[in-house]
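Asks: Okay, here's the structure, questions in a sec.
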Amino acid sequence: MTLNPLLPFLMAGDPSLEALPGLLAGARALGLEAAEVGLPHSDPIADGPVLQAAAHRAIGRGATPRRVLESLAGLTDSPDLILFTYLNPLLQLGLDPLLRLLEPTPVRSLLVVDLPFGEEPDFEAGLRAAGYPLVPLLAPTTTPERAKALLDQRPDPGPGAPFAQRFAYVVARLGVTGTGQGTDLGPVAARVRDLQGITARPLAVGFGLSDPASLRAVRTLGATPVIGSALVADLTLGRPIKACLESRIA
Amino acid sequence: MTLNPLLPFLMAGDPSLEALPGLLAGARALGLEAAEVGLPHSDPIADGPVLQAAAHRAIGRGATPRRVLESLAGLTDSPDLILFTYLNPLLQLGLDPLLRLLEPTPVRSLLVVDLPFGEEPDFEAGLRAAGYPLVPLLAPTTTPERAKALLDQRPDPGPGAPFAQRFAYVVARLGVTGTGQGTDLGPVAARVRDLQGITARPLAVGFGLSDPASLRAVRTLGATPVIGSALVADLTLGRPIKACLESRIA
Amino acid sequence: MNDAFVLPTRFGARGLGGCYAPETLMQPLLDLEAAFRAAMEDSGFQAELKAELRHFVGRPTPLTPAPRLAAKLGLKALYLKREDLAHTGAHKINNALAQALLARRMGRTEIIAETGAGQHGVATAAACARLGLRCTVYMGVTDMARQAPNVARMRLFGATVQPVEAGQGTLKEAVNEALRAWAGRCTEAHYILGSALGPHPFPTLVRSFQTVIGEEARAQVLEQTGALPEAVVACAGGGSNGLGLLVPFAGDGLRRMAVEAGGHGRALGEHAARLDGGRMGVLHGCRTLLLQDAHGHTAETASVSAGLDYPALGPELAALVLDGTVDARRASDEEALAAARLLCETEGILPALESSHALALLPALAAEGVASVLLGLSGRGDKDLSTYQSRLEL
Amino acid sequence: MNDAFVLPTRFGARGLGGCYAPETLMQPLLDLEAAFRAAMEDSGFQAELKAELRHFVGRPTPLTPAPRLAAKLGLKALYLKREDLAHTGAHKINNALAQALLARRMGRTEIIAETGAGQHGVATAAACARLGLRCTVYMGVTDMARQAPNVARMRLFGATVQPVEAGQGTLKEAVNEALRAWAGRCTEAHYILGSALGPHPFPTLVRSFQTVIGEEARAQVLEQTGALPEAVVACAGGGSNGLGLLVPFAGDGLRRMAVEAGGHGRALGEHAARLDGGRMGVLHGCRTLLLQDAHGHTAETASVSAGLDYPALGPELAALVLDGTVDARRASDEEALAAARLLCETEGILPALESSHALALLPALAAEGVASVLLGLSGRGDKDLSTYQSRLEL
Ligand SMILES: Cc1ncc(COP(=O)(O)O)c(C=O)c1O
Ligand SMILES: Cc1ncc(COP(=O)(O)O)c(C=O)c1O
C-alpha cells in the first residue's frame, strides 16, 4: 500500500460557487487519490474561524447541500470524495433523496462531524448499505479502548476498497479545525503509533496542520496529513490549487 | 383693641443683604405695628418655592443668623418684629449668645416653625424669661382640644403686651407657605370663629394669602392677615415696599 | 457509542435528545455523566449543594399569591414562584451553582459558559467566584448590547466575557463558540451549559438541578392553599425553568403549559416558537424541534427577550409537548411587554422579559375558564429595564 | 405637646430624637403613633405583615457564610445577612411594606415617600402597587441621574417620581420636599419615611419594622455555628439597616459597629461621617448628630453612595454610638469600591455601594484581631453598576 501523500479539504461554494470541479481536477492532476469536500453549514461547531467564514460565505452564495451535490454529479476528473458535513442538513434531505443525490457523484464516504456511531443507526446503516461508509474519528480524548470500539463500529472494508472508504481520521489536537500555531506533533505521533498497533487501515491526521514540515512529519509516521483551513485560506487569496498543493506534497 | 390690619413677612437678606432696615421703615411708615422677619435657613421644610428661593438667595449673600440679627441691632424705625425661624440655627447660636444678639433689636417674639411646645423646654423657658415668647401655631389639623392646650402652653401675656407677643398664628391651610391658588377661606373662617370662642388674644392668619380680597376677608373675621410669599415675590421684582403694602392694607 | 452512557439519553416517543457530539467531546461527556451519577448518589455532594442553595442562593424562593393581578385577569387565584428572588435574579443559578460544584468535584479549575440574556452568564460567573473557579463566558454581541448590565455584572465577578460576532450575535452563536472552546480545553475545563439542551447528559443534568423549583412550588402551594392549581405555566427558552417547574407536577393531572417567544410575526425569522414553526432536527448535540430553513441551516429568530430566542427547544420539554402532556403556546413581544407592565402595577414585581411571556398567557387561560394558576416567575426584570423604558415609553 | 405621645420619643443619655415638626404635622404624627401601637398589638396585622414578608418579600433572607472572603481578609469566619435578596433588592422593603400596610389600615389611599439611592422609593412603589395605593416619590435630580435604573423601576410600578431640583439634589432635599408634600395632603396621604430618622414616631416605627433583620440573623448564626460572632457590622445612612441588624444583638456583649460614608476627604462637604464630623442639631424633625456649618445650616455631603450621603444620622443609632454601645467608623469611597470588588470576586455577590462601606471595615477588624464577623449586606449593587463600571474601569 503506497501512502496517499495528502488529503486536501475544500469548502464547497468557496472561493466561488463554481470553483469546486476545477479545484478537484487540480488535485487529481497532482495525483491525489482522495479529497474532503465540506458541505457548508450554518453552525459548524467543530470548525475554527477560517472554515466558519468559508461556510458562511458559501451559504451566502447559495451553496445549499442539494446544489453542492448536484454540482458534483457526473464529475469524472476528481479524486474520490469524502463528504465532510454536519448531520442536520443530511437529515433534512432524508436518506433516500440523499442517496439519489450521491449516486452520480465521486463521493465515496461521509465524515459526519457530529454523528457518533449509534445515534442514528438506521440512517448510518442505510448509507453504509448504499456504499457510503462513515469515517471513524479518533480524538486526543479518545481512550485506547474507545478507539478499538470506534474502529470496529465503522470497520475497514479491506484493501480492496479505496482510501476514502478505509481510512480513520485522527484528530491531531483538542479544539476545532484551523491553523495550529506551532502544534507539537509529539503527542499525535505517539497516538498514531499506538493506533497502528491496533489497526492496519490507513490513517489520516488533521486539525491544525499547515506547514510542509508538519505535513512531512505526518507522512514520516506513515499517515496521510489533512490540509484544510490553510488550503481554504490560500484559495481565498486567489492562489491556484496547483501552487497550493504542490509545495505541500513534496 | 384696634385690629392690626396686616402682618408682613420679610426674608432677611432678600432682595439684598442691606434691604431689611429700609423695608421695615417702610412698613412702619404705613403704620404697621408688627412684621415677621424670616431668618434664612438651608432646609425650610414649611416653606413653599418662593420663600425657599428667597432663603437660598439670602444665604448665598451671606445672611447668616448672626449677621441678620446684628443688622437689626439698634433699629428704631421698625415695627415690632417676630423672628420667623427654624430651630437649628438658634440652637447652634446657643441661648445666651442668641439673647445677647436679640437684646438691641426690635424683635419681640419668635415663631419657630419646627419647635412644638415641650421639645426644648429649657431653651423656650429661657427665651420667655428674657421677654421673647414663642408664637403658638394653630393648623387645620389642630383639634380644638389641642388648640386649647397650645394656647395655654404659650399663653397670652395680656393686653399690656404688644401684638407681636400676644397673637396666635392660624395656619390658613394644609401645606407650606406660598401663594394659594383660589384658597377657599370658608374653612379658615370657621376655625377663626371657633378659636375666637376659646381665646381673646389676637389672631393672625397666614399661608397662601395674597390678593386684597382675601386679606380683607380675614380682617372681616377680626384677624390679621399675614402676607409673605406674595410680598417677597413683589420685592424681588423691585417694587417699592410702600406700593406692595398699601394696596393690601386698604 | 451512546450505549456507553448509563442514563437514558432519549426523551419521549420520538426519541428526542441523544448525544450528537464531535468525537473530541465524547469522552468528556461520558466522564461528565459518570461524575454526575456519582455526585447524585453522594450524600456529601447533596448536602453541600443543599447548603449552598439555602445559604447562598436563598432557597426556597417564595411562592407569592398575586390577588390583585388575579382579580384583574378574572382568575380566582394566582401564585408566582419567585425565581426572581434567587441570587443573581433568575433560576439560572440553581443549575450554574450545581454544575460548578460538580466541576470542582471533578477537579476542574476552569469553567466555560455561554449566555443569551446574560442571566446564565451572571449566575455562572457568581458561582465561579464563590467557588474559586476561572470563568469565561461567551456572549453574542447583540445580546451584550441589549443586556449590558449583565455584562458588567459578569466582569465584576471576575469572569472574562468573550464577544461572539458571528451570525445574529445571540445565544445560538454563543453556544457554538462555547462548544468550540470546550473542545479545546476539555481536559481542564468544564462547560456549564445554561439550559436543558445540548448533548447528553446536559439536558438531564440541567433539568435535575432545576426541578427544585417545582418541588418547592408544589409543596408551597399545598401548604398555602391545601390544593393544587388547575394549571402550571412557565416560559420556554431552552426549557430549563419550564422543566424545573413542570416536571414535579407530572403525576398531578393538571394542565402544564410552556410559553414560547412569539416575537413580532409568524414567518420564519420573526419569532422563536419552535413548537409551531419548527421541524425535527439536530443542533448543538441533540435532536429536537428546531427552527430551520429547508436546507437544515438554523434559522434566525426574533424576540424582545434575549433568553427566549434560541432556535431549538430543549429535547425533554419538546418531547413532553409532542407526547401531549405539556401544552405549548406562544406570546408575542407586545403581549409580553403588556403583561410585564400589568404585573408591575398590580403586584409591585418587575418580571424578566422571559417570564413576562408566561404572564402573557394568563388572559387566555382565564378566558378558557381556568380558575387557579401557578406561574413560574423565572427571573427579575432589572436587566431588561432599558427595553421596558423604550418599548413602554416610560 | 410631646407628652401626648405614648411611646418614648427620645433616645439615650443625651435625649436624641424628639418630634420637631411643624404644627400641621403634629396631629398626623400623633395619629400615626396611635395607629402603629394599635397595629403592633393587633395579631391580625402582625399575621398579615408576617405573611407578606414571607411570601412577597422573601423573608427570612439567608445568612451566607463567606469563607473565601474571610480567608482573604484573615478572618476566621464571616457571615453575610443577605438583604440584597429581599424583594426589590434591599432591606428598605421591610419598612416600606409594613408602613404601607399600616397606611392602608389607617384608611389612607395615597403614599408619599422620599428616596436617595432609590431603593426606598422602589420598595415603596412596589409595596404601593402590591396594596393598590397611589404613590409619589420625591427624589433629588442628582440621585435620579446616578440611580437611573431605580427611577425606571419606580415608574414601572406606577409611581410618580417627582424630581427635586433644590440644593445638591440628593436625599436631604428629597426629604424636605416630601415633608412639604405631606403637610399639604396629610389628611389623605401617609408619608413612608425610609430610614430611622425624622420626627417621632418615625425613628421608632422604622426601627421596629427593620429589627426582623437582626432577629433572623441572630437565630441563623446560632443555628449555623452554635455561637455568636465577635462583631456585627452594618453601614449607616439614616440608620435603619444598622439598627435593624444591631439592636437585636444588644444584650450579647459583642462589638456592634456602624460604618458611615467617609467620602473623599475629611473636610466638611467631602464626606457624610456625622459621628466624627457632626454636631448636635435638629433636622427633619429630630435632634441628632448633624453635618452643618457654624450657622446651623445643613452642610453639603459627599459619598459615592447615594444612600449614605444624608447629613444626619438617625437619632437612635446616634444615641447608641454616643452612649458607647455601638462603635462608629468611616469608610472612604475608594475603600468601599475596593471592598465591593473583593466581595464580587471572592464570593460572587454584588453589594450595593452602601453595603460596601460595611465591607470596607473588615480589613481593619481583622487587623484588630477580630476573628468572626456578621455583616449586614443591606442591598444589591445592580443599581450601582454604572458607578462600578466607571470607577472600577470595567
Ligand atoms: C429569566 C429567564 N427566564 C427564562 C429563560 C429561558 O431559559 P430556560 O427556558 O432554559 O428557562 C432565561 C434565559 O436566559 C432567563 O434569563
Ligand atoms: C442598600 C442600602 N443600604 C443602606 C442604606 C442606608 O440607609 P439606612 O442607614 O437607613 O439603612 C440605603 C439607603 O438608601 C440603601 O439603599
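Ligands are numbered from 1 in the order shown, residues from 1 within each chain, and chains are lettered A, B, ... in the order they appear in the C-alpha cells.
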Using only C-alpha atoms, which residues sit within 6 Å of Val226 of chain B once same-chain residues fewer than 6 positions away are excluded, as a VMD selection string?

Replies: chain B and resid 6 to 8 205 to 206

Asks: Neighbours of ligand 1 at 6 Å or closer, counting only C-alpha atoms and all ligand atoms: which residues, as a list in words?

Replies: Ala90, Gly116, Ala117, Gln119, His120, Ser195, Ala236, Gly237, Gly238, Gly239, Ser240, Asn241, Gly242, Gly307, Leu308, Ala352, Glu354, Ser355, Ser378 and Gly379 of chain C

Asks: Compile the residues of chain B that lie within 8 Å of chain D, evaluated using only C-alpha atoms, and express the compilation as a ChimeraX atom specification.

Replies: /B:41-48,64-66,87-93,113-119,137-143,150,174-176

Asks: Go ahead and save the picked residues with C-alpha atoms, as a tab-separated table (two decimals), in the first residue's frame.

Replies:
chain	number	residue	atom	x	y	z
B	41	HIS	CA	-32.43	78.52	56.61
B	42	SER	CA	-30.92	75.85	54.44
B	43	ASP	CA	-33.84	73.48	54.91
B	44	PRO	CA	-37.07	75.41	55.19
B	45	ILE	CA	-39.45	72.43	55.35
B	46	ALA	CA	-42.53	74.53	55.98
B	47	ASP	CA	-41.92	76.93	53.11
B	48	GLY	CA	-43.04	76.88	49.52
B	64	THR	CA	-26.14	84.22	58.50
B	65	PRO	CA	-28.33	84.34	61.62
B	66	ARG	CA	-25.72	86.39	63.44
B	87	LEU	CA	-34.87	75.77	65.34
B	88	ASN	CA	-31.42	74.61	64.36
B	89	PRO	CA	-29.78	77.99	63.68
B	90	LEU	CA	-30.92	79.14	67.12
B	91	LEU	CA	-29.61	76.00	68.78
B	92	GLN	CA	-26.26	76.46	67.12
B	93	LEU	CA	-26.02	80.03	68.40
B	113	VAL	CA	-41.71	76.69	62.82
B	114	ASP	CA	-40.38	73.33	63.89
B	115	LEU	CA	-40.46	73.68	67.65
B	116	PRO	CA	-43.58	72.28	69.21
B	117	PHE	CA	-44.00	73.23	72.83
B	118	GLY	CA	-42.10	70.96	75.14
B	119	GLU	CA	-39.41	69.74	72.77
B	137	LEU	CA	-49.33	77.98	65.74
B	138	LEU	CA	-52.73	76.53	65.04
B	139	ALA	CA	-53.05	74.41	61.93
B	140	PRO	CA	-56.04	72.96	60.09
B	141	THR	CA	-55.08	69.64	61.61
B	142	THR	CA	-55.03	71.03	65.15
B	143	THR	CA	-58.00	69.65	67.04
B	150	LEU	CA	-51.32	75.02	72.69
B	174	LEU	CA	-52.60	72.50	54.77
B	175	GLY	CA	-49.23	72.61	53.16
B	176	VAL	CA	-46.47	75.15	53.06

Asks: I'd like the interatomic distance between atom CA of Leu32 of chain B and atom CA of Arg219 of chain B, to a tenth of an Å.

Replies: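 According to the coordinates, atom CA of Leu32 of chain B and atom CA of Arg219 of chain B are separated by 14.2 Å.
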
Asks: From a backbone DSSP assignment, name each residue in segment 12-242 of chain A labelled strand (DSSP E or B), as a PyMOL selection string.

Replies: chain A and resi 34-38+80-85+107-112+134+137-138+168-171+203-206+224-227

Asks: Separation of atom CA of Pro65 of chain C and atom CA of Gly226 of chain C, in Å?

Replies: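 If I compute the distance from atom CA of Pro65 of chain C to atom CA of Gly226 of chain C, I get 13.6 Å.
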
Asks: Excluding segment 254-267 of chain D and residues on its chain fewer than 2 positions from it, collect all residues at most 8 Å away from it, counting only C-alpha atoms, and give them as an MDAnalysis selection string.

Replies: chainID D and resid 229:237 242 246 249 252 269:274 302:305 308:309 325:334 357:358 361

Asks: DSSP on the backbone, helix (DSSP H, G or I) only: what residues of segment 101-171 of chain C does that give? Format it as a VMD selection string.

Replies: chain C and resid 101 to 105 119 to 131 141 to 146 148 to 156 171

Asks: Output as a ChimeraX atom specification the set of chain D residues within 9 Å of chain C, with distances taken over only C-alpha atoms.

Replies: /D:52,54-68,82,84-89,123,125-132,149,152-153,155-159,340-350,382-383,385-386,388-389,392,394

Asks: Could you name the residues that touch Pro187 of chain A at 9 Å or less, counting only C-alpha atoms, but leaving out those on the same chain fewer than 2 positions away, as a list in words?

Replies: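 Counting only C-alpha atoms, the residues come to Pro140, Ala172, Arg173, Asp184, Leu185, Ala189, Ala190, Arg191 and Val192 of chain A.
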
Asks: Restrict the selected residues to N, CA and C atoms and save them as a PDB file, in the first residue's frame.

Replies:
ATOM      1  N   PRO A 140      -7.912  13.232  20.522  1.00  0.00           N
ATOM      2  CA  PRO A 140      -6.952  13.105  21.631  1.00  0.00           C
ATOM      3  C   PRO A 140      -7.615  12.600  22.903  1.00  0.00           C
ATOM      4  N   ALA A 172      -5.732  15.699  15.302  1.00  0.00           N
ATOM      5  CA  ALA A 172      -4.373  15.920  15.794  1.00  0.00           C
ATOM      6  C   ALA A 172      -4.326  16.539  17.184  1.00  0.00           C
ATOM      7  N   ARG A 173      -5.336  17.316  17.499  1.00  0.00           N
ATOM      8  CA  ARG A 173      -5.260  18.053  18.766  1.00  0.00           C
ATOM      9  C   ARG A 173      -6.660  18.414  19.243  1.00  0.00           C
ATOM     10  N   ASP A 184       2.640  20.941  18.535  1.00  0.00           N
ATOM     11  CA  ASP A 184       3.658  19.944  18.885  1.00  0.00           C
ATOM     12  C   ASP A 184       3.156  18.593  18.397  1.00  0.00           C
ATOM     13  N   LEU A 185       3.855  17.998  17.443  1.00  0.00           N
ATOM     14  CA  LEU A 185       3.380  16.752  16.852  1.00  0.00           C
ATOM     15  C   LEU A 185       3.756  15.524  17.670  1.00  0.00           C
ATOM     16  N   ALA A 189       1.982  11.894  17.193  1.00  0.00           N
ATOM     17  CA  ALA A 189       2.854  10.817  16.688  1.00  0.00           C
ATOM     18  C   ALA A 189       2.706   9.579  17.562  1.00  0.00           C
ATOM     19  N   ALA A 190       2.699   9.779  18.864  1.00  0.00           N
ATOM     20  CA  ALA A 190       2.545   8.639  19.777  1.00  0.00           C
ATOM     21  C   ALA A 190       1.202   7.960  19.557  1.00  0.00           C
ATOM     22  N   ARG A 191       0.182   8.795  19.395  1.00  0.00           N
ATOM     23  CA  ARG A 191      -1.154   8.218  19.192  1.00  0.00           C
ATOM     24  C   ARG A 191      -1.208   7.428  17.896  1.00  0.00           C
ATOM     25  N   VAL A 192      -0.614   8.006  16.843  1.00  0.00           N
ATOM     26  CA  VAL A 192      -0.633   7.303  15.558  1.00  0.00           C
ATOM     27  C   VAL A 192       0.059   5.944  15.694  1.00  0.00           C
TER      28      VAL A 192
END
